[in-house]
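Here's the structure, in structure tokens; my notes come after.
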Amino acid sequence: MDFLRPASWEEALAAKAEHPTAVPIAGGTDVMVEINFDHRRPEYLLDLNRVGDLYEWEVCEDSVRLGASVSYTKIMENLRAELPGLALASHTVASPQIRNRGGVGGNLGTASPAGDAHPALLAAGAEVEAESVRGTRRIPIDEFYTGVKRNALAPDELIRAVHIKKADGPQQYSKVGTRNAMVIAVCAFGLALHPETRTVRTGIGSAAPTPVRAKAAEEFLAAALEEGGFWDNGKIVTPSVAKQFAELCSAACNPIDDVRGTASYRRHAVGVMARRTLTWTWESYRGARNTAKGAA
């Protein structure tokens, strides 16, 4: 196994172009596990740790440009207001040591359906900035996951950053594991309310071959909130709406039985998380709305 260690982004792109099978490594929290267990034995490792701009982020007017190697700890400490769903997901990642090393770019590159960041990225509506010596493109998060641990990157492309819309409403994240910490998700669920467009987005992890959205559930809930005047009156969402939303989220799953949980349990748990996160996000929306009305 050869070790490539570029000192700049340009050198990294050139190395990836010359060695398309090279596996990028930054935090190493996913890649090294696969290598240590002999699940992967790449011909080349492409070390990105010296590429400084991968550790930078920029808060723009409507979005955040998050460098691929920005750690989960940095997200928790600095971007909680702009990216609340991703900050909550970051809290659930493994241990403090891994949160200090791992980043969203690694989650995306590995593309495991159990990656903790994926549900939050789907719910927020992210775009992946991919680059090669041929140029740069942005891949919508809905098009990024192509199969089990497969993504839409070309062989010569690297992930440079993720563009994530700043939250315009409450976001939540929930994860079920076999213990409270240092655990791979049995299943996970992200929910984001977007009051500006009166839409809803979801993200489901570890309950299908890829991270997925529950689009039928999103459409149902957005219609129910609009038809019931909930966005304007701020009333509590009725139990029947919450129940139907949860059932549609469960139906969006296509899980398997494995050592962490059964398919039926995953479907059930996703429904429970969907109902709970809807309750939490809507209470946050109602609280913010009532506060704004009081101030006015």
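In the structure tokens, each chain is lettered A, B, ... as it comes, each chain's residues begin at 1, and ligands are numbered from 1 in order of appearance.
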Exercise. Quick one: pick out all strand (DSSP E) residues within segment 17-265 of chain A from a backbone DSSP run and write them as a PyMOL selection string.
Key: chain A and resi 23-25+44-47+57-59+63-67+127-132+135-140+145-147+150-151+158-165+171-176+187-194+199-205
Practice problem: Might you pull out every residue within 7 Å of segment 161-172 of chain A, with only C-alpha atoms counted and same-chain residues fewer than 3 positions away left off, and present them as a PyMOL selection string? | Solution: chain A and resi 62-68+82-85+124-129+190-196+277+281+284-285
Selection to disk with C-alpha atoms, as a short mmCIF file (atom, residue, chain, number, x, y, z; two decimals), in the first residue's frame:
```
data_model
loop_
_atom_site.label_atom_id
_atom_site.label_comp_id
_atom_site.auth_asym_id
_atom_site.auth_seq_id
_atom_site.Cartn_x
_atom_site.Cartn_y
_atom_site.Cartn_z
CA ASP A 62 -28.41 31.80 3.10
CA SER A 63 -26.10 28.84 3.55
CA VAL A 64 -22.98 27.46 5.16
CA ARG A 65 -20.03 26.20 3.15
CA LEU A 66 -18.56 23.45 5.30
CA GLY A 67 -15.10 22.16 4.44
CA ALA A 68 -14.99 18.39 4.07
CA GLU A 82 -27.10 27.79 11.51
CA LEU A 83 -27.13 23.98 11.28
CA PRO A 84 -29.07 22.72 14.33
CA GLY A 85 -29.95 19.33 12.86
CA ALA A 124 -31.53 20.37 5.43
CA GLY A 125 -31.20 20.05 1.66
CA ALA A 126 -27.42 19.98 1.21
CA GLU A 127 -25.22 19.99 -1.88
CA VAL A 128 -21.87 18.22 -2.14
CA GLU A 129 -19.06 20.23 -3.76
CA GLY A 190 -33.81 13.80 10.83
CA LEU A 191 -36.59 16.35 10.39
CA ALA A 192 -36.47 19.99 9.28
CA LEU A 193 -39.36 22.44 9.08
CA HIS A 194 -38.97 25.15 6.46
CA PRO A 195 -41.55 27.86 7.31
CA GLU A 196 -40.34 30.22 4.57
CA THR A 277 -39.29 14.68 16.26
CA THR A 281 -39.94 20.59 16.09
CA SER A 284 -40.18 24.80 18.86
CA TYR A 285 -41.98 26.44 15.95
#
```
Quiz item: Which residues, written as a ChimeraX atom specification, have at least one atom at most 9 Å from Val31 of chain A, with only C-alpha atoms counted and residues fewer than 6 positions away on the same chain left out?
Solution: /A:23-25,40,106,110
Quiz item: Between atom CA of Ala152 of chain A and atom CA of Ala26 of chain A, what is the distance, to one decimal in Å?
Solution: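 Atom CA of Ala26 of chain A lies 19.5 Å from atom CA of Ala152 of chain A.
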Self-check item: Neighbour list for Gln97 of chain A as a list in words, cut-off 12 Å, only C-alpha atoms, skip fewer than 3 positions in-chain
Solution: Gly27, Gly28, Thr29, Ser71, Tyr72, Thr73, Val93, Ala94, Asn100, Arg101, Gly102, Gly103 and Met182 of chain A
Resulting file, chosen residues, all heavy atoms, as a CSV table (one decimal), in the first residue's frame:
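out-v7.csv written:
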```
chain,number,residue,atom,x,y,z
A,27,GLY,N,-9.9,12.3,8.6
A,27,GLY,CA,-10.0,11.9,10.0
A,27,GLY,C,-9.6,10.4,10.1
A,27,GLY,O,-9.1,10.0,11.2
A,28,GLY,N,-9.9,9.6,9.1
A,28,GLY,CA,-9.6,8.2,9.2
A,28,GLY,C,-10.5,7.3,10.1
A,28,GLY,O,-10.2,6.1,10.2
A,29,THR,N,-11.5,7.9,10.6
A,29,THR,CA,-12.4,7.1,11.6
A,29,THR,C,-13.2,6.0,10.9
A,29,THR,O,-13.6,5.1,11.6
A,29,THR,CB,-13.3,8.1,12.3
A,29,THR,OG1,-14.1,8.8,11.4
A,29,THR,CG2,-12.5,9.1,13.1
A,71,SER,N,-14.4,19.2,11.7
A,71,SER,CA,-14.8,18.1,12.6
A,71,SER,C,-16.2,18.3,13.2
A,71,SER,O,-16.8,19.4,13.2
A,71,SER,CB,-13.8,18.1,13.8
A,71,SER,OG,-13.9,19.2,14.6
A,72,TYR,N,-16.7,17.2,13.7
A,72,TYR,CA,-18.0,17.3,14.3
A,72,TYR,C,-18.0,18.2,15.5
A,72,TYR,O,-19.0,18.9,15.8
A,72,TYR,CB,-18.5,15.9,14.7
A,72,TYR,CG,-18.7,14.9,13.6
A,72,TYR,CD1,-17.9,13.9,13.3
A,72,TYR,CD2,-19.8,15.2,12.7
A,72,TYR,CE1,-18.1,13.0,12.2
A,72,TYR,CE2,-20.0,14.3,11.6
A,72,TYR,CZ,-19.2,13.3,11.4
A,72,TYR,OH,-19.4,12.5,10.3
A,73,THR,N,-16.9,18.2,16.2
A,73,THR,CA,-16.8,19.1,17.4
A,73,THR,C,-16.9,20.5,17.0
A,73,THR,O,-17.6,21.3,17.7
A,73,THR,CB,-15.4,18.8,18.1
A,73,THR,OG1,-15.4,17.5,18.6
A,73,THR,CG2,-15.2,19.8,19.3
A,93,VAL,N,-22.2,11.2,17.4
A,93,VAL,CA,-21.1,10.5,16.8
A,93,VAL,C,-20.1,9.9,17.8
A,93,VAL,O,-19.5,10.7,18.5
A,93,VAL,CB,-20.4,11.4,15.8
A,93,VAL,CG1,-19.1,10.7,15.2
A,93,VAL,CG2,-21.3,11.8,14.7
A,94,ALA,N,-20.1,8.7,18.0
A,94,ALA,CA,-19.0,8.0,18.7
A,94,ALA,C,-18.6,8.6,20.0
A,94,ALA,O,-19.4,8.9,20.9
A,94,ALA,CB,-17.8,7.7,17.8
A,100,ASN,N,-13.6,14.8,17.4
A,100,ASN,CA,-12.5,15.7,17.1
A,100,ASN,C,-11.8,15.4,15.8
A,100,ASN,O,-11.1,16.3,15.3
A,100,ASN,CB,-11.5,15.7,18.3
A,100,ASN,CG,-12.0,16.4,19.5
A,100,ASN,OD1,-12.9,17.2,19.5
A,100,ASN,ND2,-11.4,16.0,20.7
A,101,ARG,N,-11.9,14.2,15.3
A,101,ARG,CA,-11.1,13.8,14.1
A,101,ARG,C,-12.1,13.7,12.9
A,101,ARG,O,-11.7,14.1,11.8
A,101,ARG,CB,-10.5,12.5,14.3
A,101,ARG,CG,-9.3,12.5,15.3
A,101,ARG,CD,-8.1,13.2,14.7
A,101,ARG,NE,-7.6,12.5,13.5
A,101,ARG,CZ,-6.7,13.0,12.7
A,101,ARG,NH1,-6.2,14.2,12.9
A,101,ARG,NH2,-6.3,12.3,11.6
A,102,GLY,N,-13.2,13.1,13.1
A,102,GLY,CA,-14.1,12.8,12.0
A,102,GLY,C,-14.8,14.1,11.5
A,102,GLY,O,-15.1,15.0,12.2
A,103,GLY,N,-15.2,14.0,10.2
A,103,GLY,CA,-16.0,15.1,9.6
A,103,GLY,C,-17.0,14.6,8.6
A,103,GLY,O,-17.1,13.4,8.3
A,182,MET,N,-20.8,5.4,21.5
A,182,MET,CA,-19.9,4.6,20.7
A,182,MET,C,-20.6,3.5,20.0
A,182,MET,O,-20.3,2.3,20.1
A,182,MET,CB,-18.8,4.0,21.7
A,182,MET,CG,-17.8,5.0,22.2
A,182,MET,SD,-16.7,5.7,20.9
A,182,MET,CE,-15.8,4.2,20.5
```
Residues of segment 82-180 of chain A at most 10 Å from segment 203-215 of chain A: nearest atom pair and distance in Å, only C-alpha atoms, as CSV:
```
residue,atom,partner,partner_atom,distance
A:Ala111,CA,A:Thr210,CA,7.8
A:Ser112,CA,A:Thr210,CA,7.2
A:Pro113,CA,A:Thr210,CA,4.7
A:Ala114,CA,A:Ser206,CA,4.3
A:Gly115,CA,A:Gly205,CA,7.0
A:Asp116,CA,A:Gly205,CA,7.4
A:Ala117,CA,A:Gly205,CA,8.8
A:His118,CA,A:Pro211,CA,6.3
A:Pro119,CA,A:Gly203,CA,3.8
A:Ala120,CA,A:Gly203,CA,6.2
A:Leu121,CA,A:Gly203,CA,7.5
A:Leu122,CA,A:Gly203,CA,5.1
A:Ala123,CA,A:Gly203,CA,5.1
A:Ala124,CA,A:Gly203,CA,8.7
A:Gly125,CA,A:Gly203,CA,9.7
A:Ile141,CA,A:Pro211,CA,9.9
A:Asp142,CA,A:Val212,CA,7.9
A:Phe144,CA,A:Pro211,CA,9.8
A:Tyr145,CA,A:Thr210,CA,6.2
A:Thr146,CA,A:Thr210,CA,7.2
A:Gly147,CA,A:Thr210,CA,5.8
A:Val148,CA,A:Pro209,CA,5.2
A:Lys149,CA,A:Thr210,CA,7.6
A:Arg150,CA,A:Thr210,CA,8.5
A:Asn151,CA,A:Thr210,CA,9.5
A:Tyr173,CA,A:Gly203,CA,9.0
A:Ser174,CA,A:Ile204,CA,9.8
A:Lys175,CA,A:Gly205,CA,8.7
A:Val176,CA,A:Ser206,CA,9.9
```
Quiz item: Using only C-alpha atoms, which of the listed residues (A:Arg5, A:Arg260, A:Lys16, A:Arg266) sits closest to Ile159 of chain A?
Solution: A:Lys16
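The gap separating atom CA of Val33 of chain A from atom CA of Asp53 of chain A is 25.4 Å, in Å to one decimal.
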Practice problem: Write out as a ChimeraX atom specification each polymer residue whose atoms come within 8 Å of Ser132 of chain A, counting only C-alpha atoms; drop sequence neighbours fewer than 6 positions from it. | Solution: /A:13,16-17,156-158
Quiz item: Of the candidates A:Arg198, A:Arg276, A:Arg160, A:Arg138, which one gets nearest to Val104 of chain A if we count only C-alpha atoms?
Solution: A:Arg160
Exercise. List every residue of segment 1-42 of chain A that DSSP, applied to the backbone of this structure, places in helix (DSSP H, G or I), and write the result as a list of chain:residue names.
Key: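 Across segment 1-42 of chain A, those assigned helix (DSSP H, G or I) are A:Trp9, A:Glu10, A:Glu11, A:Ala12, A:Leu13, A:Ala14, A:Ala15, A:Lys16, A:Ala17, A:Glu18, A:Val31, A:Met32, A:Val33, A:Glu34, A:Ile35, A:Asn36.
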Self-check item: Pick from A:Leu46, A:Ala15, A:Cys253, A:Ala188, whichever lies nearest to Asp2 of chain A using only C-alpha atoms
Solution: A:Leu46
Quiz prompt | Shell of 9 Å around Met1 of chain A, only C-alpha atoms, local chain residues under 4 positions omitted, as number ranges by chain | solution = A: 41-45
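Each of A:Thr92, A:Ser8, A:Thr202, A:Asn78 was compared to Asp47 of chain A using only C-alpha atoms, and A:Ser8 turns out to be the nearest.
You will find atom CA of Ile139 of chain A at 29.0 Å from atom CA of Val183 of chain A.
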Quiz prompt | Neighbour list for Lys243 of chain A as a ChimeraX atom specification, cut-off 9 Å, only C-alpha atoms, skip fewer than 5 positions in-chain | solution = /A:238,248,271,275
Selection above as a file: N, CA, C and O atoms, as a CSV table (one decimal), in the first residue's frame:
```csv
chain,number,residue,atom,x,y,z
A,238,THR,N,-52.5,17.8,15.3
A,238,THR,CA,-53.5,16.8,15.8
A,238,THR,C,-52.8,15.4,15.9
A,238,THR,O,-51.9,15.1,15.0
A,248,LEU,N,-46.2,6.9,7.4
A,248,LEU,CA,-45.7,7.1,6.1
A,248,LEU,C,-44.1,7.1,6.1
A,248,LEU,O,-43.5,6.6,5.2
A,271,GLY,N,-40.8,5.1,12.8
A,271,GLY,CA,-42.1,5.7,13.1
A,271,GLY,C,-42.2,6.4,14.4
A,271,GLY,O,-42.7,7.5,14.5
A,275,ARG,N,-42.6,10.5,14.8
A,275,ARG,CA,-43.7,11.2,15.7
A,275,ARG,C,-43.1,12.1,16.7
A,275,ARG,O,-43.5,13.2,17.0
```
